[in-house]
Amino acid sequence: MEYYHDKLMQRLFQVLEEPKKMEDIDLSMDFVQSLILKIINTYGNIKVQQLQEVIGLHLDILEECLKPMENENLISQTGGGFLFASVEYTIRKQGQEKAAKLLKDNPYIGIAPVTYDEYFKIMQVQLKGRYPLDIPSAVVEKAFSDVVGMEYPKKVLTESAIGGKGFFIYGPPGTGKTFLTSKMSNILPPLLMPRYIEFSGSVIQLFDPDFHKMRPEQPGDTRWVKIYAPFVFTGSELSTQKMETLYNPNKGVFETSPIIKANGGVLLLDDLGRQKEDPNVLLNRMIVPLENKQDVVYIKGAPVIVHTHFIPALSTNLEITIIDEAHLRRAPLHVFLEEPSSHEIVQVFQRNLDALSEKYTEDVLERFRKVYISYVDGGENLKPTFAHARDVAQIAQAIRIRRGEEEITVNILEEALDQHILVSMQRKYTPELFDRIISQGTKPHQ
């Protein structure tokens with residue numbers, strides 16, 4: 001679809017064709033040769049083709065770099081065929097000594113980074129005038145195709161994506177706050193980003209496979225990746241320290257914070273109020289990146305400006321009053337997620353069983369439905385959450401496999417319900433006491 005590969009993206013793909021000469025990559029010859037030397041030293045013996053896979057540079061560039069290194073007695077050929085890609089190199093004593101010094105100063109080994117200037121320029125072109133977006137209705141429908149119900153929340157999140165406005169999403173646990181917010185990754189346009197950037201000889205890691213999902217189409221320059229719009233989420237583990245770019249001595253790179261990783265996408269701050277620090281202290285750290293769409297990180301004492309063009313999403317299970325009004329103004333939209341209906345939770349339960357390729361009968365679905373309907377209608381009147389539907393389906397599958405049976409039966413479902421901790425607790429305690437146990441961790445009186 002053109003939305004995911006528009007004219008701007010097509011032009012950028014032309015710009016980011018695979019570079020074939022040193023002069024095309026902006027990195028200095030010294031930096032690339034140092035990186036090559038560290039790689040060869042680490043591997044001991046390595047073929048050029050394998051070296052190319054590690055460093056991500058064209059064979060012609062490698063040849064430009066390797067020949068002078070041979071002449072300096074840093075490396076030598078140990079074998080190979082007629083083709084340059086099959087030539088094998090090893091490191092010499094003089095090269096080992098130099099590599100040891102290089103590794104001490106900068107232990108990074110991996111794909112060649114992109115220069116800071118190139119990163120900043122390409123990113124600025126993509127983010128300038130990004131909003132408002134004209135999102136095709138087909139894109140929205142496909143993005144939310146596996147979301148059951150939630151028509152109003154889906155409308156609000158779509159408007160957030162169109163205007164680039166932050167939002168507050170709240171409601172009881174298990175109502176799908178994280179799941180729903182993650183769908184914005186498919187609504188927002190994709191982004192080109194470098195895996196690593198180089199600044200004054202140091203390497204900064206931008207690409208994080210935990211949060212950056214790659215698109216099928218990729219540029220010729222493998223140092224860059226085309227990703228779906230990022231969806232970055234943090235929870236109770238968040239601290240002001242983790243919102244900074246810090247040096248990782250084991251990897252030899254500066255690891256960026258969630259604020260920077262979310263550039264071009266959505267940053268969900270989940271479970272606000274559950275962190276060790278005051279939530280408003282954490283949100284204060286985001287004011288400048290939100291207002292300026294840029295942040296300043298320090299690399300060996302030198303200030304470096306990076307892009308932070310993200311949509312903030314705030315979420316909590318506590319009272320909304322824990323957050324100052326000034327911060328709510330930066331997330332002006334709001335979405336309250338109500339408990340799902342019994343029909344919706346059965347639908348999600350069925351989808352989970354289907355996703356697990358499980359066989360079941362209609363009476364299994366009807367039994368699951370009765371868990372969440374009222375006493376008057378012959379049910380157990382438990383509070384439904386989408387998390388129940390997912391977990392019970394997975395537990396039922398495990399029980400079926402353990403029993404060696406062919407399909408999930410009502411009997412298997414009963415055992416799965418008995419084993420689910422929240423279902424079991426709701427059956428044991430009154431709704432009021434259950435809410436108090438879950439929200440405050442209060443020990444129940446027997």
# chains A, B, ... in the order shown; residues from 1 in each chain; ligands from 1
call {"tool": "residues_around", "arguments": {"residues": "range 138-143 of chain A", "least_positions_apart": "6", "cutoff": "6 Å", "atoms": "only C-alpha atoms", "output": "list in words"}}
result
Lys183, Asn186 and Ile187 of chain A
call {"tool": "select_by_dssp", "arguments": {"residues": "range 99-196 of chain A", "states": "strand (DSSP E)", "output": "ChimeraX atom specification"}}
result
/A:114-115,167-170,191-194,196
call {"tool": "write_last_selection", "arguments": {"atoms": "C-alpha atoms", "output": "JSON list (two decimals), in the first residue's frame"}}
result
[["chain", "number", "residue", "atom", "x", "y", "z"],
["A", 114, "VAL", "CA", 25.78, 5.94, 10.12],
["A", 115, "THR", "CA", 27.35, 9.33, 10.68],
["A", 167, "PHE", "CA", -3.69, 10.73, 25.19],
["A", 168, "PHE", "CA", -4.53, 9.32, 28.59],
["A", 169, "ILE", "CA", -5.81, 5.74, 28.56],
["A", 170, "TYR", "CA", -7.22, 4.27, 31.75],
["A", 191, "LEU", "CA", 10.13, 5.25, 9.45],
["A", 192, "LEU", "CA", 13.69, 4.87, 8.23],
["A", 193, "MET", "CA", 16.23, 4.78, 11.03],
["A", 194, "PRO", "CA", 19.90, 3.82, 11.39],
["A", 196, "TYR", "CA", 23.75, 2.76, 14.99]]
call {"tool": "closest_residue", "arguments": {"among": "A:Gln218, A:Ser28, A:Thr308, A:Gln394", "to": "Pro190 in chain A", "atoms": "only C-alpha atoms"}}
result
A:Gln218
call {"tool": "residues_around", "arguments": {"residues": "range 280-292 of chain A", "least_positions_apart": "2", "cutoff": "6 Å", "atoms": "only C-alpha atoms", "output": "mmCIF file with N, CA and C atoms, in the first residue's frame"}}
result
data_model
loop_
_atom_site.group_PDB
_atom_site.id
_atom_site.type_symbol
_atom_site.label_atom_id
_atom_site.label_comp_id
_atom_site.auth_asym_id
_atom_site.auth_seq_id
_atom_site.Cartn_x
_atom_site.Cartn_y
_atom_site.Cartn_z
ATOM 1 N N THR A 240 14.034 7.778 36.349
ATOM 2 C CA THR A 240 14.641 8.897 35.628
ATOM 3 C C THR A 240 15.993 8.484 35.045
ATOM 4 N N ASP A 278 8.099 9.489 42.019
ATOM 5 C CA ASP A 278 6.843 10.199 41.783
ATOM 6 C C ASP A 278 6.590 10.271 40.273
ATOM 7 N N GLN A 294 12.959 17.240 20.359
ATOM 8 C CA GLN A 294 14.384 16.910 20.381
ATOM 9 C C GLN A 294 14.843 16.804 21.827
ATOM 10 N N ASP A 295 15.903 16.055 22.037
ATOM 11 C CA ASP A 295 16.486 15.931 23.365
ATOM 12 C C ASP A 295 18.004 16.042 23.231
ATOM 13 N N THR A 308 13.142 13.340 19.077
ATOM 14 C CA THR A 308 12.201 12.693 20.005
ATOM 15 C C THR A 308 10.774 13.088 19.608
#
call {"tool": "residues_around", "arguments": {"residues": "range 341-349 of chain A", "least_positions_apart": "4", "cutoff": "12 Å", "atoms": "only C-alpha atoms", "output": "PyMOL selection string"}}
result
chain A and resi 146-150+174-176+337+353-356+358+360+362-374+377+379-396+413
call {"tool": "write_last_selection", "arguments": {"atoms": "N, CA and C atoms", "output": "compact mmCIF listing (two decimals), in the first residue's frame"}}
result
# COMPACT_ATOMS: atom_id res chain seq x y z
N ASP A 146 -8.22 -7.04 14.69
CA ASP A 146 -8.29 -8.08 15.73
C ASP A 146 -8.66 -7.52 17.09
N VAL A 147 -9.18 -6.28 17.12
CA VAL A 147 -9.64 -5.67 18.37
C VAL A 147 -11.15 -5.86 18.46
N VAL A 148 -11.60 -6.52 19.50
CA VAL A 148 -13.03 -6.79 19.68
C VAL A 148 -13.68 -5.60 20.38
N GLY A 149 -14.76 -5.09 19.78
CA GLY A 149 -15.46 -3.96 20.40
C GLY A 149 -14.63 -2.68 20.38
N MET A 150 -14.74 -1.90 21.45
CA MET A 150 -13.94 -0.68 21.66
C MET A 150 -14.07 0.33 20.51
N GLY A 174 -6.51 -5.43 32.77
CA GLY A 174 -6.94 -6.48 31.87
C GLY A 174 -7.95 -6.07 30.82
N THR A 175 -8.17 -4.76 30.66
CA THR A 175 -9.16 -4.31 29.68
C THR A 175 -8.54 -4.02 28.31
N GLY A 176 -7.23 -4.23 28.18
CA GLY A 176 -6.61 -4.13 26.86
C GLY A 176 -5.94 -2.81 26.54
N LEU A 337 -11.38 2.65 29.20
CA LEU A 337 -11.73 1.31 28.75
C LEU A 337 -12.58 0.61 29.82
N LEU A 353 -8.31 -19.47 21.19
CA LEU A 353 -8.32 -20.91 20.92
C LEU A 353 -8.00 -21.18 19.46
N ASP A 354 -8.59 -20.38 18.57
CA ASP A 354 -8.33 -20.54 17.14
C ASP A 354 -6.86 -20.25 16.82
N ALA A 355 -6.31 -19.22 17.45
CA ALA A 355 -4.90 -18.87 17.22
C ALA A 355 -3.97 -19.98 17.69
N LEU A 356 -4.42 -20.73 18.71
CA LEU A 356 -3.64 -21.85 19.23
C LEU A 356 -3.89 -23.14 18.44
N GLU A 358 -6.60 -24.92 18.40
CA GLU A 358 -7.26 -25.88 19.28
C GLU A 358 -8.65 -26.23 18.76
N TYR A 360 -12.50 -27.44 19.72
CA TYR A 360 -13.40 -27.27 20.87
C TYR A 360 -14.82 -27.33 20.35
N GLU A 362 -19.10 -26.02 20.93
CA GLU A 362 -19.87 -24.85 21.33
C GLU A 362 -20.15 -24.83 22.82
N ASP A 363 -20.30 -26.01 23.44
CA ASP A 363 -20.61 -26.03 24.87
C ASP A 363 -19.44 -25.50 25.70
N VAL A 364 -18.20 -25.56 25.15
CA VAL A 364 -17.04 -24.97 25.84
C VAL A 364 -17.18 -23.45 25.88
N LEU A 365 -17.59 -22.87 24.76
CA LEU A 365 -17.78 -21.42 24.71
C LEU A 365 -18.93 -20.99 25.61
N GLU A 366 -20.00 -21.77 25.62
CA GLU A 366 -21.15 -21.43 26.46
C GLU A 366 -20.80 -21.52 27.95
N ARG A 367 -19.99 -22.52 28.31
CA ARG A 367 -19.56 -22.63 29.72
C ARG A 367 -18.69 -21.44 30.11
N PHE A 368 -17.80 -21.03 29.21
CA PHE A 368 -16.95 -19.88 29.50
C PHE A 368 -17.80 -18.62 29.64
N ARG A 369 -18.82 -18.47 28.83
CA ARG A 369 -19.70 -17.30 28.90
C ARG A 369 -20.40 -17.21 30.24
N LYS A 370 -20.81 -18.36 30.78
CA LYS A 370 -21.55 -18.36 32.05
C LYS A 370 -20.71 -17.91 33.24
N VAL A 371 -19.39 -17.94 33.07
CA VAL A 371 -18.52 -17.45 34.14
C VAL A 371 -18.76 -15.96 34.38
N TYR A 372 -19.17 -15.25 33.34
CA TYR A 372 -19.21 -13.78 33.41
C TYR A 372 -20.60 -13.18 33.32
N ILE A 373 -21.65 -14.01 33.24
CA ILE A 373 -23.00 -13.45 33.23
C ILE A 373 -23.56 -13.45 34.66
N SER A 374 -24.65 -12.77 34.86
CA SER A 374 -25.19 -12.54 36.21
C SER A 374 -25.73 -13.82 36.84
N ASP A 377 -29.09 -14.90 35.52
CA ASP A 377 -29.10 -15.61 34.24
C ASP A 377 -28.37 -16.95 34.32
N GLY A 379 -25.32 -17.48 35.78
CA GLY A 379 -23.87 -17.37 35.69
C GLY A 379 -23.19 -17.19 37.04
N GLU A 380 -21.88 -16.90 37.01
CA GLU A 380 -21.10 -16.72 38.24
C GLU A 380 -20.84 -15.25 38.56
N ASN A 381 -21.19 -14.37 37.62
CA ASN A 381 -21.10 -12.92 37.85
C ASN A 381 -19.67 -12.44 38.14
N LEU A 382 -18.66 -13.11 37.54
CA LEU A 382 -17.27 -12.67 37.71
C LEU A 382 -16.98 -11.48 36.80
N LYS A 383 -15.96 -10.69 37.17
CA LYS A 383 -15.57 -9.54 36.38
C LYS A 383 -14.77 -10.00 35.17
N PRO A 384 -15.22 -9.71 33.97
CA PRO A 384 -14.48 -10.17 32.77
C PRO A 384 -13.32 -9.25 32.42
N THR A 385 -12.22 -9.83 32.02
CA THR A 385 -11.11 -9.07 31.44
C THR A 385 -10.58 -9.85 30.24
N PHE A 386 -10.04 -9.12 29.27
CA PHE A 386 -9.50 -9.78 28.10
C PHE A 386 -8.32 -10.67 28.45
N ALA A 387 -7.61 -10.31 29.54
CA ALA A 387 -6.48 -11.13 29.97
C ALA A 387 -6.95 -12.52 30.39
N HIS A 388 -8.14 -12.62 31.00
CA HIS A 388 -8.70 -13.92 31.37
C HIS A 388 -8.84 -14.79 30.14
N ALA A 389 -9.40 -14.21 29.07
CA ALA A 389 -9.66 -14.98 27.86
C ALA A 389 -8.39 -15.58 27.28
N ARG A 390 -7.34 -14.79 27.27
CA ARG A 390 -6.05 -15.27 26.74
C ARG A 390 -5.45 -16.35 27.64
N ASP A 391 -5.39 -16.06 28.93
CA ASP A 391 -4.72 -16.96 29.86
C ASP A 391 -5.45 -18.30 30.01
N VAL A 392 -6.77 -18.25 30.12
CA VAL A 392 -7.54 -19.48 30.28
C VAL A 392 -7.40 -20.37 29.04
N ALA A 393 -7.37 -19.77 27.87
CA ALA A 393 -7.18 -20.54 26.62
C ALA A 393 -5.84 -21.26 26.64
N GLN A 394 -4.80 -20.56 27.08
CA GLN A 394 -3.45 -21.15 27.11
C GLN A 394 -3.35 -22.25 28.18
N ILE A 395 -3.98 -22.01 29.32
CA ILE A 395 -3.97 -23.02 30.39
C ILE A 395 -4.74 -24.27 29.92
N ALA A 396 -5.87 -24.05 29.26
CA ALA A 396 -6.67 -25.17 28.76
C ALA A 396 -5.88 -26.00 27.75
N LEU A 413 -11.91 -27.21 30.44
CA LEU A 413 -12.12 -25.80 30.74
C LEU A 413 -12.33 -25.57 32.22
call {"tool": "residues_around", "arguments": {"residues": "Thr78 in chain A", "least_positions_apart": "6", "cutoff": "12 Å", "atoms": "only C-alpha atoms", "output": "NGL selection string"}}
result
:A and (44-48 or 70 or 86-92)
call {"tool": "write_last_selection", "arguments": {"atoms": "N, CA and C atoms", "output": "PDB file, in the first residue's frame"}}
result
ATOM      1  N   GLY A  44      39.605 -14.254  14.578  1.00  0.00           N
ATOM      2  CA  GLY A  44      40.840 -15.000  14.325  1.00  0.00           C
ATOM      3  C   GLY A  44      41.078 -15.138  12.838  1.00  0.00           C
ATOM      4  N   ASN A  45      40.283 -15.949  12.174  1.00  0.00           N
ATOM      5  CA  ASN A  45      40.291 -16.082  10.718  1.00  0.00           C
ATOM      6  C   ASN A  45      38.877 -15.817  10.213  1.00  0.00           C
ATOM      7  N   ILE A  46      38.785 -15.022   9.170  1.00  0.00           N
ATOM      8  CA  ILE A  46      37.462 -14.681   8.661  1.00  0.00           C
ATOM      9  C   ILE A  46      37.521 -14.430   7.161  1.00  0.00           C
ATOM     10  N   LYS A  47      36.544 -14.979   6.440  1.00  0.00           N
ATOM     11  CA  LYS A  47      36.447 -14.730   5.006  1.00  0.00           C
ATOM     12  C   LYS A  47      35.813 -13.363   4.769  1.00  0.00           C
ATOM     13  N   VAL A  48      36.137 -12.784   3.634  1.00  0.00           N
ATOM     14  CA  VAL A  48      35.630 -11.446   3.317  1.00  0.00           C
ATOM     15  C   VAL A  48      34.108 -11.424   3.294  1.00  0.00           C
ATOM     16  N   GLU A  70      46.825  -4.671   4.785  1.00  0.00           N
ATOM     17  CA  GLU A  70      47.813  -5.702   4.454  1.00  0.00           C
ATOM     18  C   GLU A  70      49.203  -5.089   4.322  1.00  0.00           C
ATOM     19  N   SER A  86      35.745 -14.740  -1.294  1.00  0.00           N
ATOM     20  CA  SER A  86      36.162 -16.016  -0.699  1.00  0.00           C
ATOM     21  C   SER A  86      37.534 -15.938  -0.029  1.00  0.00           C
ATOM     22  N   VAL A  87      38.207 -14.798  -0.150  1.00  0.00           N
ATOM     23  CA  VAL A  87      39.533 -14.637   0.460  1.00  0.00           C
ATOM     24  C   VAL A  87      39.398 -14.627   1.982  1.00  0.00           C
ATOM     25  N   GLU A  88      40.301 -15.316   2.646  1.00  0.00           N
ATOM     26  CA  GLU A  88      40.286 -15.391   4.101  1.00  0.00           C
ATOM     27  C   GLU A  88      41.440 -14.576   4.672  1.00  0.00           C
ATOM     28  N   TYR A  89      41.145 -13.835   5.738  1.00  0.00           N
ATOM     29  CA  TYR A  89      42.168 -13.007   6.381  1.00  0.00           C
ATOM     30  C   TYR A  89      42.381 -13.446   7.825  1.00  0.00           C
ATOM     31  N   THR A  90      43.580 -13.212   8.311  1.00  0.00           N
ATOM     32  CA  THR A  90      43.911 -13.415   9.712  1.00  0.00           C
ATOM     33  C   THR A  90      44.662 -12.193  10.193  1.00  0.00           C
ATOM     34  N   ILE A  91      44.751 -12.036  11.502  1.00  0.00           N
ATOM     35  CA  ILE A  91      45.426 -10.871  12.053  1.00  0.00           C
ATOM     36  C   ILE A  91      46.878 -11.216  12.381  1.00  0.00           C
ATOM     37  N   ARG A  92      47.777 -10.255  12.193  1.00  0.00           N
ATOM     38  CA  ARG A  92      49.190 -10.450  12.501  1.00  0.00           C
ATOM     39  C   ARG A  92      49.497  -9.843  13.867  1.00  0.00           C
TER      40      ARG A  92
END
call {"tool": "closest_residue", "arguments": {"among": "A:Lys226, A:Lys104, A:Arg195, A:His334", "to": "Ile320 in chain A", "atoms": "only C-alpha atoms"}}
result
A:His334
call {"tool": "select_by_dssp", "arguments": {"residues": "range 80-218 of chain A", "states": "helix (DSSP H, G or I)", "output": "PyMOL selection string"}}
result
chain A and resi 84-86+93-105+116-127+137-143+151-163+177-182+184-187
call {"tool": "closest_residue", "arguments": {"among": "A:Gly252, A:Gly201, A:Gly264, A:Gly56", "to": "Ala112 in chain A", "atoms": "only C-alpha atoms"}}
result
A:Gly56
call {"tool": "atom_distance", "arguments": {"atom1": "CA of Leu272 in chain A", "atom2": "CA of Leu157 in chain A"}}
result
19.4 Å
call {"tool": "decode", "arguments": {"residues": "range 145-229 of chain A", "atoms": "C-alpha atoms", "output": "mmCIF file, in the first residue's frame"}}
result
data_model
loop_
_atom_site.group_PDB
_atom_site.id
_atom_site.type_symbol
_atom_site.label_atom_id
_atom_site.label_comp_id
_atom_site.auth_asym_id
_atom_site.auth_seq_id
_atom_site.Cartn_x
_atom_site.Cartn_y
_atom_site.Cartn_z
ATOM 1 C CA SER A 145 -9.087 -5.828 12.761
ATOM 2 C CA ASP A 146 -8.290 -8.079 15.725
ATOM 3 C CA VAL A 147 -9.642 -5.668 18.366
ATOM 4 C CA VAL A 148 -13.029 -6.791 19.679
ATOM 5 C CA GLY A 149 -15.464 -3.960 20.402
ATOM 6 C CA MET A 150 -13.938 -0.678 21.660
ATOM 7 C CA GLU A 151 -15.416 1.424 18.841
ATOM 8 C CA TYR A 152 -15.079 4.727 20.696
ATOM 9 C CA PRO A 153 -11.490 4.082 21.942
ATOM 10 C CA LYS A 154 -10.447 3.120 18.398
ATOM 11 C CA LYS A 155 -11.872 6.418 17.109
ATOM 12 C CA VAL A 156 -9.948 8.427 19.730
ATOM 13 C CA LEU A 157 -6.648 6.667 19.013
ATOM 14 C CA THR A 158 -7.127 7.258 15.302
ATOM 15 C CA GLU A 159 -7.625 10.976 15.972
ATOM 16 C CA SER A 160 -4.508 10.934 18.146
ATOM 17 C CA ALA A 161 -2.542 9.469 15.244
ATOM 18 C CA ILE A 162 -3.945 11.989 12.765
ATOM 19 C CA GLY A 163 -3.057 15.012 14.868
ATOM 20 C CA GLY A 164 -0.027 13.654 16.726
ATOM 21 C CA LYS A 165 -1.697 14.421 20.057
ATOM 22 C CA GLY A 166 -0.989 12.534 23.266
ATOM 23 C CA PHE A 167 -3.694 10.727 25.186
ATOM 24 C CA PHE A 168 -4.529 9.316 28.592
ATOM 25 C CA ILE A 169 -5.813 5.741 28.559
ATOM 26 C CA TYR A 170 -7.223 4.265 31.747
ATOM 27 C CA GLY A 171 -9.574 1.650 33.123
ATOM 28 C CA PRO A 172 -9.562 -1.581 35.151
ATOM 29 C CA PRO A 173 -6.668 -4.058 34.767
ATOM 30 C CA GLY A 174 -6.937 -6.484 31.869
ATOM 31 C CA THR A 175 -9.162 -4.308 29.677
ATOM 32 C CA GLY A 176 -6.605 -4.134 26.859
ATOM 33 C CA LYS A 177 -4.877 -0.767 27.348
ATOM 34 C CA THR A 178 -1.454 -1.915 26.162
ATOM 35 C CA PHE A 179 -2.889 -4.133 23.429
ATOM 36 C CA LEU A 180 -5.047 -1.354 21.986
ATOM 37 C CA THR A 181 -2.310 1.296 22.125
ATOM 38 C CA SER A 182 0.137 -1.017 20.337
ATOM 39 C CA LYS A 183 -2.124 -0.962 17.267
ATOM 40 C CA MET A 184 -1.088 2.635 16.583
ATOM 41 C CA SER A 185 2.176 1.235 15.235
ATOM 42 C CA ASN A 186 0.219 0.194 12.119
ATOM 43 C CA ILE A 187 -1.762 3.438 11.834
ATOM 44 C CA LEU A 188 1.231 5.783 11.843
ATOM 45 C CA PRO A 189 3.510 5.896 8.775
ATOM 46 C CA PRO A 190 6.703 3.796 8.822
ATOM 47 C CA LEU A 191 10.130 5.255 9.453
ATOM 48 C CA LEU A 192 13.689 4.867 8.227
ATOM 49 C CA MET A 193 16.231 4.775 11.032
ATOM 50 C CA PRO A 194 19.900 3.824 11.387
ATOM 51 C CA ARG A 195 20.837 0.831 13.473
ATOM 52 C CA TYR A 196 23.748 2.757 14.989
ATOM 53 C CA ILE A 197 25.114 6.264 14.648
ATOM 54 C CA GLU A 198 28.705 7.433 15.027
ATOM 55 C CA PHE A 199 29.589 10.616 16.881
ATOM 56 C CA SER A 200 33.213 11.609 17.460
ATOM 57 C CA GLY A 201 34.325 7.983 17.260
ATOM 58 C CA SER A 202 31.677 6.745 19.716
ATOM 59 C CA VAL A 203 28.775 4.502 18.705
ATOM 60 C CA ILE A 204 25.164 5.151 19.717
ATOM 61 C CA GLN A 205 22.614 2.344 19.386
ATOM 62 C CA LEU A 206 19.214 3.434 18.076
ATOM 63 C CA PHE A 207 17.624 0.259 16.709
ATOM 64 C CA ASP A 208 16.126 -2.011 19.368
ATOM 65 C CA PRO A 209 14.483 -5.222 18.065
ATOM 66 C CA ASP A 210 12.320 -5.346 21.201
ATOM 67 C CA PHE A 211 10.480 -2.216 20.081
ATOM 68 C CA HIS A 212 11.326 -1.701 16.409
ATOM 69 C CA LYS A 213 9.535 -4.066 14.021
ATOM 70 C CA MET A 214 11.075 -4.196 10.542
ATOM 71 C CA ARG A 215 8.995 -3.698 7.406
ATOM 72 C CA PRO A 216 9.272 -6.269 4.564
ATOM 73 C CA GLU A 217 10.855 -3.721 2.185
ATOM 74 C CA GLN A 218 14.349 -2.543 3.178
ATOM 75 C CA PRO A 219 16.804 0.005 1.721
ATOM 76 C CA GLY A 220 19.976 -1.049 -0.095
ATOM 77 C CA ASP A 221 22.184 0.444 2.627
ATOM 78 C CA THR A 222 21.894 -2.215 5.340
ATOM 79 C CA ARG A 223 23.052 0.231 7.995
ATOM 80 C CA TRP A 224 19.527 1.647 7.767
ATOM 81 C CA VAL A 225 16.269 -0.163 8.518
ATOM 82 C CA LYS A 226 12.715 0.635 7.568
ATOM 83 C CA ILE A 227 10.442 -0.033 10.528
ATOM 84 C CA TYR A 228 6.795 0.225 11.433
ATOM 85 C CA ALA A 229 6.194 3.291 13.581
#
